[in-house]
file upload_11.cif (mmCIF, C-alpha atoms and all ligand atoms; chains and numbers go by the auth columns)
data_data
loop_
_atom_site.group_PDB
_atom_site.id
_atom_site.type_symbol
_atom_site.label_atom_id
_atom_site.label_comp_id
_atom_site.label_asym_id
_atom_site.label_seq_id
_atom_site.Cartn_x
_atom_site.Cartn_y
_atom_site.Cartn_z
_atom_site.B_iso_or_equiv
_atom_site.auth_seq_id
_atom_site.auth_asym_id
ATOM 1 C CA MET A 1 -45.266 -30.071 67.699 0.00 1 A
ATOM 2 C CA PRO A 2 -48.056 -29.332 70.194 0.00 2 A
ATOM 3 C CA THR A 3 -49.509 -32.300 71.958 0.00 3 A
ATOM 4 C CA THR A 4 -53.229 -32.696 72.435 0.00 4 A
ATOM 5 C CA PRO A 5 -54.203 -33.600 75.986 0.00 5 A
ATOM 6 C CA ASN A 6 -55.758 -37.026 76.219 0.00 6 A
ATOM 7 C CA PRO A 7 -59.045 -36.644 78.135 0.00 7 A
ATOM 8 C CA SER A 8 -58.749 -40.205 79.403 0.00 8 A
ATOM 9 C CA GLN A 9 -55.465 -39.338 81.105 0.00 9 A
ATOM 10 C CA PRO A 10 -55.987 -36.008 82.855 0.00 10 A
ATOM 11 C CA ALA A 11 -53.016 -33.993 83.993 0.00 11 A
ATOM 12 C CA LEU A 12 -51.887 -34.692 87.529 0.00 12 A
ATOM 13 C CA GLU A 13 -51.728 -31.038 88.498 0.00 13 A
ATOM 14 C CA HIS A 14 -55.512 -30.738 88.346 0.00 14 A
ATOM 15 C CA PHE A 15 -56.067 -33.126 91.208 0.00 15 A
ATOM 16 C CA LEU A 16 -56.336 -32.947 94.938 0.00 16 A
ATOM 17 C CA CYS A 17 -55.537 -35.878 97.180 0.00 17 A
ATOM 18 C CA CYS A 18 -58.791 -37.683 97.970 0.00 18 A
ATOM 19 C CA VAL A 19 -57.405 -38.549 101.408 0.00 19 A
ATOM 20 C CA CYS A 20 -55.893 -35.350 102.779 0.00 20 A
ATOM 21 C CA GLY A 21 -57.377 -32.835 100.341 0.00 21 A
ATOM 22 C CA GLY A 22 -53.990 -31.375 99.493 0.00 22 A
ATOM 23 C CA SER A 23 -52.812 -30.773 95.971 0.00 23 A
ATOM 24 C CA THR A 24 -50.907 -33.606 94.328 0.00 24 A
ATOM 25 C CA ALA A 25 -49.094 -31.166 92.044 0.00 25 A
ATOM 26 C CA GLY A 26 -45.405 -31.888 92.151 0.00 26 A
ATOM 27 C CA ALA A 27 -45.798 -34.694 94.684 0.00 27 A
ATOM 28 C CA GLU A 28 -43.388 -37.507 93.918 0.00 28 A
ATOM 29 C CA ASP A 29 -45.882 -40.139 95.062 0.00 29 A
ATOM 30 C CA SER A 30 -48.991 -38.719 93.386 0.00 30 A
ATOM 31 C CA VAL A 31 -51.231 -41.308 91.764 0.00 31 A
ATOM 32 C CA LEU A 32 -54.476 -41.291 89.808 0.00 32 A
ATOM 33 C CA LEU A 33 -57.299 -43.703 90.502 0.00 33 A
ATOM 34 C CA ALA A 34 -59.720 -44.551 87.705 0.00 34 A
ATOM 35 C CA VAL A 35 -63.143 -45.514 88.982 0.00 35 A
ATOM 36 C CA THR A 36 -65.369 -47.153 86.397 0.00 36 A
ATOM 37 C CA SER A 37 -68.997 -48.134 86.366 0.00 37 A
ATOM 38 C CA PRO A 38 -70.387 -51.422 85.075 0.00 38 A
ATOM 39 C CA LYS A 39 -73.360 -49.438 83.769 0.00 39 A
ATOM 40 C CA GLY A 40 -71.435 -47.557 81.143 0.00 40 A
ATOM 41 C CA PRO A 41 -68.179 -46.229 79.776 0.00 41 A
ATOM 42 C CA THR A 42 -67.985 -43.308 82.183 0.00 42 A
ATOM 43 C CA GLU A 43 -64.911 -42.841 84.344 0.00 43 A
ATOM 44 C CA GLN A 44 -64.211 -40.904 87.498 0.00 44 A
ATOM 45 C CA TRP A 45 -60.642 -39.928 88.252 0.00 45 A
ATOM 46 C CA LEU A 46 -59.398 -39.380 91.766 0.00 46 A
ATOM 47 C CA GLY A 47 -56.009 -38.056 92.720 0.00 47 A
ATOM 48 C CA ALA A 48 -54.142 -39.140 95.808 0.00 48 A
ATOM 49 C CA HIS A 49 -50.769 -39.338 97.463 0.00 49 A
ATOM 50 C CA ALA A 50 -49.690 -42.977 97.371 0.00 50 A
ATOM 51 C CA GLU A 51 -48.531 -42.804 100.985 0.00 51 A
ATOM 52 C CA HIS A 52 -51.920 -41.529 102.162 0.00 52 A
ATOM 53 C CA LEU A 53 -53.757 -44.092 100.064 0.00 53 A
ATOM 54 C CA ASN A 54 -51.688 -46.893 101.556 0.00 54 A
ATOM 55 C CA ASP A 55 -52.825 -45.753 105.002 0.00 55 A
ATOM 56 C CA LEU A 56 -56.430 -46.439 103.983 0.00 56 A
ATOM 57 C CA LEU A 57 -56.066 -49.741 102.202 0.00 57 A
ATOM 58 C CA ALA A 58 -56.794 -53.087 103.773 0.00 58 A
ATOM 59 C CA PRO A 59 -53.796 -55.252 104.628 0.00 59 A
ATOM 60 C CA GLY A 60 -52.377 -56.909 101.553 0.00 60 A
ATOM 61 C CA PHE A 61 -53.088 -53.994 99.227 0.00 61 A
ATOM 62 C CA ALA A 62 -50.447 -51.483 98.307 0.00 62 A
ATOM 63 C CA VAL A 63 -50.112 -48.638 95.861 0.00 63 A
ATOM 64 C CA GLU A 64 -47.011 -48.566 93.736 0.00 64 A
ATOM 65 C CA VAL A 65 -45.867 -45.467 91.913 0.00 65 A
ATOM 66 C CA HIS A 66 -44.664 -46.160 88.407 0.00 66 A
ATOM 67 C CA ARG A 67 -42.788 -43.344 86.746 0.00 67 A
ATOM 68 C CA MET A 68 -43.865 -42.734 83.174 0.00 68 A
HETATM 69 ZN ZN ZN B . -52.652 -36.801 100.597 0.00 101 A
#
call {"tool": "encode", "arguments": {"input": "upload_11.cif", "output": "structure tokens"}}
result
Amino acid sequence: MPTTPNPSQPALEHFLCCVCGGSTAGAEDSVLLAVTSPKGPTEQWLGAHAEHLNDLLAPGFAVEVHRM
């Protein structure tokens, strides 16, 4: 049975890391960030490598990769 892509959960292979600009396709630590606006239901999705994202975060914040 074909599955219909869920637009609220875009496929990881379409994303580039927002830190290094490299593709996250096939990366074991690839993550998606959902950025929302208080002004409406719109969402912006950003891809990243968890390791690169951790380099940017303030102390005390960490990105965990949860396998689906
Ligand atoms: Zn990266």
call {"tool": "resolve_selection", "arguments": {"input": "upload_11.cif", "expression": "the PyMOL selection byres (((not hetatm)) within 6 of (chain A and resi 101))", "output": "list in words"}}
result
Cys17, Val19, Cys20, Gly22, Ala48, His49 and His52 of chain A
call {"tool": "residues_around", "arguments": {"input": "upload_11.cif", "residues": "Leu32 in chain A", "least_positions_apart": "4", "cutoff": "7 Å", "atoms": "all atoms listed in the file", "output": "list in words"}}
result
Trp45, Leu46, Gly47 and Ala48 of chain A
call {"tool": "residues_around", "arguments": {"input": "upload_11.cif", "residues": "Gln44 in chain A", "least_positions_apart": "3", "cutoff": "9 Å", "atoms": "only C-alpha atoms", "output": "PyMOL selection string"}}
result
chain A and resi 33-37
call {"tool": "atom_distance", "arguments": {"input": "upload_11.cif", "atom1": "CA of Ser30 in chain A", "atom2": "CA of Asn54 in chain A"}}
result
11.9 Å
call {"tool": "atom_distance", "arguments": {"input": "upload_11.cif", "atom1": "CA of Asp29 in chain A", "atom2": "CA of Phe15 in chain A"}}
result
13.0 Å
call {"tool": "atom_distance", "arguments": {"input": "upload_11.cif", "atom1": "CA of Val65 in chain A", "atom2": "CA of Lys39 in chain A"}}
result
28.9 Å
call {"tool": "residues_near_point", "arguments": {"input": "upload_11.cif", "point": "(-50.2, -49.9, 99.2)", "cutoff": "12 Å", "atoms": "all atoms listed in the file", "output": "list in words"}}
result
Asp29, Val31, Ala48, His49, Ala50, Glu51, His52, Leu53, Asn54, Asp55, Leu56, Leu57, Ala58, Pro59, Gly60, Phe61, Ala62, Val63, Glu64 and Val65 of chain A
call {"tool": "closest_residue", "arguments": {"input": "upload_11.cif", "among": "A:Ser23, A:Cys18, A:Thr42, A:Glu28", "to": "Arg67 in chain A", "atoms": "only C-alpha atoms"}}
result
A:Glu28
call {"tool": "decode", "arguments": {"input": "upload_11.cif", "residues": "range 20-35 of chain A", "atoms": "all heavy atoms", "output": "PDB file, in the first residue's frame"}}
result
ATOM      1  N   CYS A  20      26.567  23.510   8.644  1.00  0.00           N
ATOM      2  CA  CYS A  20      27.689  23.345   7.726  1.00  0.00           C
ATOM      3  C   CYS A  20      27.264  23.405   6.269  1.00  0.00           C
ATOM      4  O   CYS A  20      28.120  23.512   5.391  1.00  0.00           O
ATOM      5  CB  CYS A  20      28.421  22.042   8.019  1.00  0.00           C
ATOM      6  SG  CYS A  20      27.530  20.551   7.495  1.00  0.00           S
ATOM      7  N   GLY A  21      25.972  23.341   5.989  1.00  0.00           N
ATOM      8  CA  GLY A  21      25.500  23.415   4.615  1.00  0.00           C
ATOM      9  C   GLY A  21      25.563  22.099   3.866  1.00  0.00           C
ATOM     10  O   GLY A  21      25.146  22.026   2.716  1.00  0.00           O
ATOM     11  N   GLY A  22      26.069  21.066   4.508  1.00  0.00           N
ATOM     12  CA  GLY A  22      26.139  19.762   3.856  1.00  0.00           C
ATOM     13  C   GLY A  22      24.808  19.034   3.922  1.00  0.00           C
ATOM     14  O   GLY A  22      23.953  19.340   4.741  1.00  0.00           O
ATOM     15  N   SER A  23      24.635  18.077   3.043  1.00  0.00           N
ATOM     16  CA  SER A  23      23.411  17.305   3.037  1.00  0.00           C
ATOM     17  C   SER A  23      23.327  16.433   4.285  1.00  0.00           C
ATOM     18  O   SER A  23      24.327  15.891   4.741  1.00  0.00           O
ATOM     19  CB  SER A  23      23.355  16.427   1.795  1.00  0.00           C
ATOM     20  OG  SER A  23      22.241  15.552   1.867  1.00  0.00           O
ATOM     21  N   THR A  24      22.107  16.304   4.818  1.00  0.00           N
ATOM     22  CA  THR A  24      21.912  15.419   5.960  1.00  0.00           C
ATOM     23  C   THR A  24      21.456  14.040   5.512  1.00  0.00           C
ATOM     24  O   THR A  24      21.169  13.188   6.341  1.00  0.00           O
ATOM     25  CB  THR A  24      20.876  15.996   6.942  1.00  0.00           C
ATOM     26  OG1 THR A  24      19.640  16.159   6.258  1.00  0.00           O
ATOM     27  CG2 THR A  24      21.329  17.326   7.510  1.00  0.00           C
ATOM     28  N   ALA A  25      21.383  13.826   4.200  1.00  0.00           N
ATOM     29  CA  ALA A  25      20.925  12.531   3.694  1.00  0.00           C
ATOM     30  C   ALA A  25      21.855  11.429   4.170  1.00  0.00           C
ATOM     31  O   ALA A  25      23.071  11.504   3.976  1.00  0.00           O
ATOM     32  CB  ALA A  25      20.868  12.559   2.174  1.00  0.00           C
ATOM     33  N   GLY A  26      21.288  10.446   4.809  1.00  0.00           N
ATOM     34  CA  GLY A  26      22.073   9.302   5.242  1.00  0.00           C
ATOM     35  C   GLY A  26      22.894   9.545   6.490  1.00  0.00           C
ATOM     36  O   GLY A  26      23.528   8.620   6.988  1.00  0.00           O
ATOM     37  N   ALA A  27      22.894  10.761   7.017  1.00  0.00           N
ATOM     38  CA  ALA A  27      23.673  11.037   8.220  1.00  0.00           C
ATOM     39  C   ALA A  27      22.983  10.411   9.436  1.00  0.00           C
ATOM     40  O   ALA A  27      21.784  10.573   9.625  1.00  0.00           O
ATOM     41  CB  ALA A  27      23.823  12.540   8.423  1.00  0.00           C
ATOM     42  N   GLU A  28      23.766   9.695  10.225  1.00  0.00           N
ATOM     43  CA  GLU A  28      23.151   9.003  11.366  1.00  0.00           C
ATOM     44  C   GLU A  28      22.659   9.974  12.424  1.00  0.00           C
ATOM     45  O   GLU A  28      21.775   9.637  13.213  1.00  0.00           O
ATOM     46  CB  GLU A  28      24.161   8.041  11.994  1.00  0.00           C
ATOM     47  CG  GLU A  28      24.450   6.846  11.107  1.00  0.00           C
ATOM     48  CD  GLU A  28      25.217   5.768  11.851  1.00  0.00           C
ATOM     49  OE1 GLU A  28      25.538   5.986  13.036  1.00  0.00           O
ATOM     50  OE2 GLU A  28      25.497   4.732  11.239  1.00  0.00           O
ATOM     51  N   ASP A  29      23.225  11.178  12.464  1.00  0.00           N
ATOM     52  CA  ASP A  29      22.825  12.134  13.500  1.00  0.00           C
ATOM     53  C   ASP A  29      21.993  13.277  12.930  1.00  0.00           C
ATOM     54  O   ASP A  29      21.909  14.341  13.537  1.00  0.00           O
ATOM     55  CB  ASP A  29      24.060  12.676  14.236  1.00  0.00           C
ATOM     56  CG  ASP A  29      24.924  13.563  13.341  1.00  0.00           C
ATOM     57  OD1 ASP A  29      24.806  13.465  12.111  1.00  0.00           O
ATOM     58  OD2 ASP A  29      25.707  14.361  13.894  1.00  0.00           O
ATOM     59  N   SER A  30      21.358  13.068  11.764  1.00  0.00           N
ATOM     60  CA  SER A  30      20.572  14.147  11.185  1.00  0.00           C
ATOM     61  C   SER A  30      19.316  14.394  12.012  1.00  0.00           C
ATOM     62  O   SER A  30      18.680  13.457  12.497  1.00  0.00           O
ATOM     63  CB  SER A  30      20.198  13.821   9.744  1.00  0.00           C
ATOM     64  OG  SER A  30      19.360  12.705   9.684  1.00  0.00           O
ATOM     65  N   VAL A  31      18.987  15.662  12.186  1.00  0.00           N
ATOM     66  CA  VAL A  31      17.792  16.033  12.936  1.00  0.00           C
ATOM     67  C   VAL A  31      17.033  17.101  12.161  1.00  0.00           C
ATOM     68  O   VAL A  31      17.584  17.765  11.288  1.00  0.00           O
ATOM     69  CB  VAL A  31      18.141  16.581  14.344  1.00  0.00           C
ATOM     70  CG1 VAL A  31      18.763  15.491  15.212  1.00  0.00           C
ATOM     71  CG2 VAL A  31      19.052  17.796  14.262  1.00  0.00           C
ATOM     72  N   LEU A  32      15.756  17.244  12.472  1.00  0.00           N
ATOM     73  CA  LEU A  32      14.936  18.298  11.901  1.00  0.00           C
ATOM     74  C   LEU A  32      14.510  19.239  13.014  1.00  0.00           C
ATOM     75  O   LEU A  32      14.126  18.801  14.098  1.00  0.00           O
ATOM     76  CB  LEU A  32      13.674  17.713  11.259  1.00  0.00           C
ATOM     77  CG  LEU A  32      13.797  17.149   9.849  1.00  0.00           C
ATOM     78  CD1 LEU A  32      12.453  16.601   9.423  1.00  0.00           C
ATOM     79  CD2 LEU A  32      14.263  18.219   8.884  1.00  0.00           C
ATOM     80  N   LEU A  33      14.584  20.535  12.723  1.00  0.00           N
ATOM     81  CA  LEU A  33      14.136  21.531  13.683  1.00  0.00           C
ATOM     82  C   LEU A  33      12.860  22.160  13.143  1.00  0.00           C
ATOM     83  O   LEU A  33      12.836  22.604  12.001  1.00  0.00           O
ATOM     84  CB  LEU A  33      15.191  22.629  13.844  1.00  0.00           C
ATOM     85  CG  LEU A  33      16.611  22.181  14.158  1.00  0.00           C
ATOM     86  CD1 LEU A  33      17.530  23.388  14.151  1.00  0.00           C
ATOM     87  CD2 LEU A  33      16.660  21.471  15.481  1.00  0.00           C
ATOM     88  N   ALA A  34      11.828  22.210  13.931  1.00  0.00           N
ATOM     89  CA  ALA A  34      10.588  22.874  13.546  1.00  0.00           C
ATOM     90  C   ALA A  34      10.556  24.234  14.206  1.00  0.00           C
ATOM     91  O   ALA A  34      10.595  24.346  15.425  1.00  0.00           O
ATOM     92  CB  ALA A  34       9.390  22.044  13.976  1.00  0.00           C
ATOM     93  N   VAL A  35      10.506  25.274  13.367  1.00  0.00           N
ATOM     94  CA  VAL A  35      10.440  26.635  13.881  1.00  0.00           C
ATOM     95  C   VAL A  35       9.024  27.142  13.649  1.00  0.00           C
ATOM     96  O   VAL A  35       8.538  27.146  12.519  1.00  0.00           O
ATOM     97  CB  VAL A  35      11.454  27.539  13.152  1.00  0.00           C
ATOM     98  CG1 VAL A  35      11.409  28.958  13.710  1.00  0.00           C
ATOM     99  CG2 VAL A  35      12.855  26.956  13.274  1.00  0.00           C
TER     100      VAL A  35
END
